[in-house]
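Below: the structure, in structure tokens.
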Amino acid sequence: MKKIFANTIILIITCSLVVIGIEITLRIIEPKSHGVFQQKSKNKNLAHEHMPNITVKILGRDVSINKDGYRGKYYNNEKGNNTLRIAIFGDSFTFGHGVSDEQTYAKQLENILQDNLSDKNVQVLNFGINDYSTEQELELFKCKGIEYTPDIVILGYYYNDAIVNIPQRSENKNYKKEIKKELSIKNIVHILRKSYCYKYLSPRINVLLRLLNIRGLGESGYFDKLYKENSKPWIRNSETLLEFKEIVNSINSDFIIVLLVDALKLDDNYPYKNTHKVVSEFCHINGIKCLDLYKELYGRNYTGYRASILDAHPDERLNKIFANEIFKFIKNENIIKNLN
């Protein structure tokens with residue numbers, strides 16, 4: 001018994017040293033981030049927002065926030081008669097976490113459209129903010145984006161956007177209980193993600209589990225449940241999407257939802273394919289223009305298109321693919337007239 005106990009202790013110590021070694025190595029080789037670019041928002045429905053007029057480095061890439069608090073070049077509220085203006089809302093995938101200002105899919109879309117619309121001044125405004133939910137994205141459109149009178153509003157939708165990030169005013173106790181559970185899970189994951197070793201091992205373990213046909217565990221299993229038909233958060237989020245569409249249409253603008261994908265292999269083992277199915281079907285039923293990138297890019301392998309060895313956000317190559325697919329969708333749907 002003593003020998004078994006001693007061997008167990010040795011095994012635990014060895015595993016701990018290996019984990020510590022991986023942690024130290026990854027912290028040395030991972031690109032560094034310097035500077036704070038978010039602050040508490042005075043708008044209680046937003047929780048946080050960007051600091052204006054600031055430049056920082058995220059994963060070694062330059063990130064600039066203009067004087068109105070959105071990423072990249074500043075555009076005046078008033079637009080010229082010959083201007084095509086697109087406003088894009090979303091979370092860190094839209095913001096472009098891990099890529100430079102010029103490499104975000106918003107900026108690359110602007111360049112593609114400008115090349116094909118030489119007679120117009122094309123402006124694509126990137127209102128993406130890290131950790132925003134759909135409700136926060138809608139609130140940001142109401143209090144800031146709508147002032148820019150965009151011709152097209154694009155919502156870059158990521159599967160975790162249905163998680164509520166703002167204080168709830170609902171009196172429904174069951175709903176509050178469900179939201180509290182979601183936030184608890186999110187907080188646990190947030191703490192774990194501070195570990196570089198966890199960031200490195202987690203996606204690789206998930207790939208192995210999927211190859212072994214073991215499903216329903218981890219984040220993918222959690223989000224499968226989140227998007228069930230009777231899920232209170234999904235019901236609330238679907239209502240938010242409908243409100244988003246209604247407000248955008250009320251200013252005579254086109255509303256497009258783009259379902260973004262991870263830097264993974266987009267096959268039948270893609271962990272969030274069910275989320276794409278639920279949201280795309282919802283859009284179809286409710287007359288919302290929807291570009292499902294999982295469907296459009298199915299069969300391709302983007303496992304090497306990560307922002308870094310640890311960060312799963314899309315790199316500049318995958319952002320370019322996003323931009324090209326959005327351009328093709330806008331062209332095929334004839335949303336912009338006379339588009340070459």
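Chain lettering (A, B, ...) mirrors the order of the structure tokens, residue numbering begins at 1 for each chain separately, and ligand numbering begins at 1 in order of display.
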
**Request:** Using only C-alpha atoms, determine which residues lie at most 9 Å from Thr149 of chain A, disregarding the query and same-chain residues fewer than 2 positions distant; provide the list as a ChimeraX atom specification.
**Result:** /A:77-79,85-87,145-147,151-152,251,253

Store the residues picked out above, limited to N, CA and C atoms, as a PDB file, in the first residue's frame.
```
ATOM      1  N   ASN A  77     -19.860  61.232 -38.807  1.00  0.00           N
ATOM      2  CA  ASN A  77     -21.246  60.759 -38.789  1.00  0.00           C
ATOM      3  C   ASN A  77     -21.965  61.038 -40.101  1.00  0.00           C
ATOM      4  N   GLU A  78     -21.757  62.234 -40.617  1.00  0.00           N
ATOM      5  CA  GLU A  78     -22.411  62.609 -41.865  1.00  0.00           C
ATOM      6  C   GLU A  78     -21.640  62.014 -43.040  1.00  0.00           C
ATOM      7  N   LYS A  79     -22.366  61.339 -43.932  1.00  0.00           N
ATOM      8  CA  LYS A  79     -21.711  60.730 -45.088  1.00  0.00           C
ATOM      9  C   LYS A  79     -22.121  61.462 -46.361  1.00  0.00           C
ATOM     10  N   ARG A  85     -21.873  52.991 -46.926  1.00  0.00           N
ATOM     11  CA  ARG A  85     -21.411  52.788 -45.550  1.00  0.00           C
ATOM     12  C   ARG A  85     -21.992  51.492 -44.977  1.00  0.00           C
ATOM     13  N   ILE A  86     -21.097  50.671 -44.458  1.00  0.00           N
ATOM     14  CA  ILE A  86     -21.483  49.410 -43.818  1.00  0.00           C
ATOM     15  C   ILE A  86     -21.010  49.442 -42.370  1.00  0.00           C
ATOM     16  N   ALA A  87     -21.890  49.092 -41.452  1.00  0.00           N
ATOM     17  CA  ALA A  87     -21.532  48.998 -40.036  1.00  0.00           C
ATOM     18  C   ALA A  87     -21.578  47.532 -39.618  1.00  0.00           C
ATOM     19  N   GLY A 145     -24.280  53.197 -33.345  1.00  0.00           N
ATOM     20  CA  GLY A 145     -24.212  52.810 -34.750  1.00  0.00           C
ATOM     21  C   GLY A 145     -25.260  53.454 -35.623  1.00  0.00           C
ATOM     22  N   ILE A 146     -26.474  53.627 -35.095  1.00  0.00           N
ATOM     23  CA  ILE A 146     -27.571  54.158 -35.897  1.00  0.00           C
ATOM     24  C   ILE A 146     -27.304  55.604 -36.324  1.00  0.00           C
ATOM     25  N   GLU A 147     -26.480  56.319 -35.550  1.00  0.00           N
ATOM     26  CA  GLU A 147     -26.159  57.704 -35.870  1.00  0.00           C
ATOM     27  C   GLU A 147     -25.368  57.824 -37.175  1.00  0.00           C
ATOM     28  N   ASP A 151     -25.834  51.981 -44.736  1.00  0.00           N
ATOM     29  CA  ASP A 151     -26.667  51.396 -45.790  1.00  0.00           C
ATOM     30  C   ASP A 151     -26.889  49.908 -45.533  1.00  0.00           C
ATOM     31  N   ILE A 152     -25.882  49.281 -44.922  1.00  0.00           N
ATOM     32  CA  ILE A 152     -25.945  47.856 -44.607  1.00  0.00           C
ATOM     33  C   ILE A 152     -25.431  47.657 -43.182  1.00  0.00           C
ATOM     34  N   ILE A 251     -34.744  52.035 -40.720  1.00  0.00           N
ATOM     35  CA  ILE A 251     -33.957  53.139 -41.286  1.00  0.00           C
ATOM     36  C   ILE A 251     -33.587  52.836 -42.736  1.00  0.00           C
ATOM     37  N   SER A 253     -32.242  50.214 -44.134  1.00  0.00           N
ATOM     38  CA  SER A 253     -30.944  49.574 -44.330  1.00  0.00           C
ATOM     39  C   SER A 253     -31.129  48.064 -44.420  1.00  0.00           C
TER      40      SER A 253
END
```

**Surrounding residues of Leu109 of chain A excluding itself and chain neighbours under 4 positions, 10 Å, only C-alpha atoms, as a list in words** =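 After dropping sequence-adjacent residues, the list is Ile86, Gln103, Thr104, Tyr105, Leu113, Gln114, Asp115, Val122, Gln123, Val124, Asn319, Lys320, Ile321, Phe322, Ala323, Asn324, Glu325, Ile326 and Phe327 of chain A.
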
Kindly save the residues from that selection, with C-alpha atoms included, as a short mmCIF file (atom, residue, chain, number, x, y, z; two decimals), in the first residue's frame.
```cif
data_model
loop_
_atom_site.label_atom_id
_atom_site.label_comp_id
_atom_site.auth_asym_id
_atom_site.auth_seq_id
_atom_site.Cartn_x
_atom_site.Cartn_y
_atom_site.Cartn_z
CA ILE A 86 -21.48 49.41 -43.82
CA GLN A 103 -6.22 42.53 -41.39
CA THR A 104 -9.68 42.44 -39.80
CA TYR A 105 -12.39 41.07 -42.04
CA LEU A 113 -15.72 46.55 -52.14
CA GLN A 114 -13.71 49.68 -52.95
CA ASP A 115 -11.85 47.80 -55.70
CA VAL A 122 -16.76 52.74 -49.41
CA GLN A 123 -16.67 52.88 -45.63
CA VAL A 124 -16.84 49.81 -43.39
CA ASN A 319 -10.25 37.00 -41.93
CA LYS A 320 -9.61 37.49 -45.66
CA ILE A 321 -11.68 34.40 -46.43
CA PHE A 322 -14.50 35.81 -44.29
CA ALA A 323 -14.31 39.10 -46.21
CA ASN A 324 -14.37 37.37 -49.59
CA GLU A 325 -17.37 35.24 -48.64
CA ILE A 326 -19.30 38.28 -47.38
CA PHE A 327 -18.49 40.11 -50.62
#
```

**Message:** Env of Asn301 of chain A: 12 Å cut, atoms = only C-alpha atoms, seq-sep filter 2 positions within chain, self excluded. Answer as a PyMOL selection string.
**Reply:** chain A and resi 261-270+294+297-299+303-306+318

For the residues selected in the previous step, produce a file with N, CA and C atoms as an mmCIF file, in the first residue's frame.
```
data_model
loop_
_atom_site.group_PDB
_atom_site.id
_atom_site.type_symbol
_atom_site.label_atom_id
_atom_site.label_comp_id
_atom_site.auth_asym_id
_atom_site.auth_seq_id
_atom_site.Cartn_x
_atom_site.Cartn_y
_atom_site.Cartn_z
ATOM 1 N N VAL A 261 -17.046 31.147 -38.109
ATOM 2 C CA VAL A 261 -16.541 29.821 -37.747
ATOM 3 C C VAL A 261 -15.182 29.925 -37.073
ATOM 4 N N ASP A 262 -14.842 28.881 -36.322
ATOM 5 C CA ASP A 262 -13.532 28.774 -35.685
ATOM 6 C C ASP A 262 -12.476 28.331 -36.697
ATOM 7 N N ALA A 263 -11.239 28.506 -36.292
ATOM 8 C CA ALA A 263 -10.124 28.027 -37.103
ATOM 9 C C ALA A 263 -9.943 26.529 -36.869
ATOM 10 N N LEU A 264 -10.873 25.755 -37.410
ATOM 11 C CA LEU A 264 -10.898 24.306 -37.250
ATOM 12 C C LEU A 264 -11.230 23.654 -38.582
ATOM 13 N N LYS A 265 -11.259 22.343 -38.593
ATOM 14 C CA LYS A 265 -11.695 21.608 -39.776
ATOM 15 C C LYS A 265 -13.214 21.633 -39.825
ATOM 16 N N LEU A 266 -13.747 22.125 -40.928
ATOM 17 C CA LEU A 266 -15.197 22.302 -41.039
ATOM 18 C C LEU A 266 -15.819 21.080 -41.708
ATOM 19 N N ASP A 267 -15.969 20.030 -40.925
ATOM 20 C CA ASP A 267 -16.572 18.794 -41.420
ATOM 21 C C ASP A 267 -17.698 18.389 -40.486
ATOM 22 N N ASP A 268 -18.140 17.147 -40.572
ATOM 23 C CA ASP A 268 -19.246 16.684 -39.723
ATOM 24 C C ASP A 268 -18.869 16.633 -38.250
ATOM 25 N N ASN A 269 -17.581 16.671 -37.940
ATOM 26 C CA ASN A 269 -17.125 16.669 -36.555
ATOM 27 C C ASN A 269 -16.966 18.075 -35.981
ATOM 28 N N TYR A 270 -17.270 19.096 -36.797
ATOM 29 C CA TYR A 270 -17.163 20.465 -36.300
ATOM 30 C C TYR A 270 -18.071 20.611 -35.073
ATOM 31 N N TYR A 294 -20.089 28.122 -42.096
ATOM 32 C CA TYR A 294 -19.862 26.678 -41.956
ATOM 33 C C TYR A 294 -20.356 25.960 -43.201
ATOM 34 N N LEU A 297 -18.131 27.053 -46.352
ATOM 35 C CA LEU A 297 -16.731 26.615 -46.329
ATOM 36 C C LEU A 297 -16.590 25.152 -45.923
ATOM 37 N N TYR A 298 -17.690 24.424 -45.929
ATOM 38 C CA TYR A 298 -17.695 23.029 -45.488
ATOM 39 C C TYR A 298 -16.652 22.202 -46.262
ATOM 40 N N GLY A 299 -15.940 21.368 -45.525
ATOM 41 C CA GLY A 299 -14.951 20.492 -46.129
ATOM 42 C C GLY A 299 -13.528 21.032 -46.097
ATOM 43 N N THR A 303 -7.356 24.525 -39.445
ATOM 44 C CA THR A 303 -6.722 24.336 -38.138
ATOM 45 C C THR A 303 -5.408 25.111 -38.006
ATOM 46 N N GLY A 304 -4.796 25.455 -39.125
ATOM 47 C CA GLY A 304 -3.544 26.212 -39.076
ATOM 48 C C GLY A 304 -3.739 27.705 -39.220
ATOM 49 N N TYR A 305 -4.992 28.151 -39.201
ATOM 50 C CA TYR A 305 -5.302 29.564 -39.425
ATOM 51 C C TYR A 305 -5.642 30.273 -38.118
ATOM 52 N N ARG A 306 -4.908 29.967 -37.063
ATOM 53 C CA ARG A 306 -5.141 30.569 -35.755
ATOM 54 C C ARG A 306 -4.255 31.791 -35.570
ATOM 55 N N LEU A 318 -7.682 33.792 -42.545
ATOM 56 C CA LEU A 318 -9.075 33.403 -42.373
ATOM 57 C C LEU A 318 -9.986 34.630 -42.376
#
```

**Message:** For a quick check of understanding, using only C-alpha atoms, which of A:Leu260, A:Val36, A:Ile88, A:Val153 has the smallest distance to Val279 of chain A?
**Reply:** A:Leu260

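Distance-wise, atom CA of Arg71 of chain A and atom CA of Met51 of chain A end up 10.2 Å apart.
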
**Asked** If we count only C-alpha atoms, what is near Pro52 of chain A at a cut-off of 8 Å, once residues fewer than 4 positions away on the same chain are taken out, given as a ChimeraX atom specification?
**Response** /A:65-70

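Minimum atom-to-atom distances from A:Ala6, A:Val278, A:Val248, A:Leu310 to Asp292 of chain A were compared using only C-alpha atoms, and the lowest value belongs to A:Val278.
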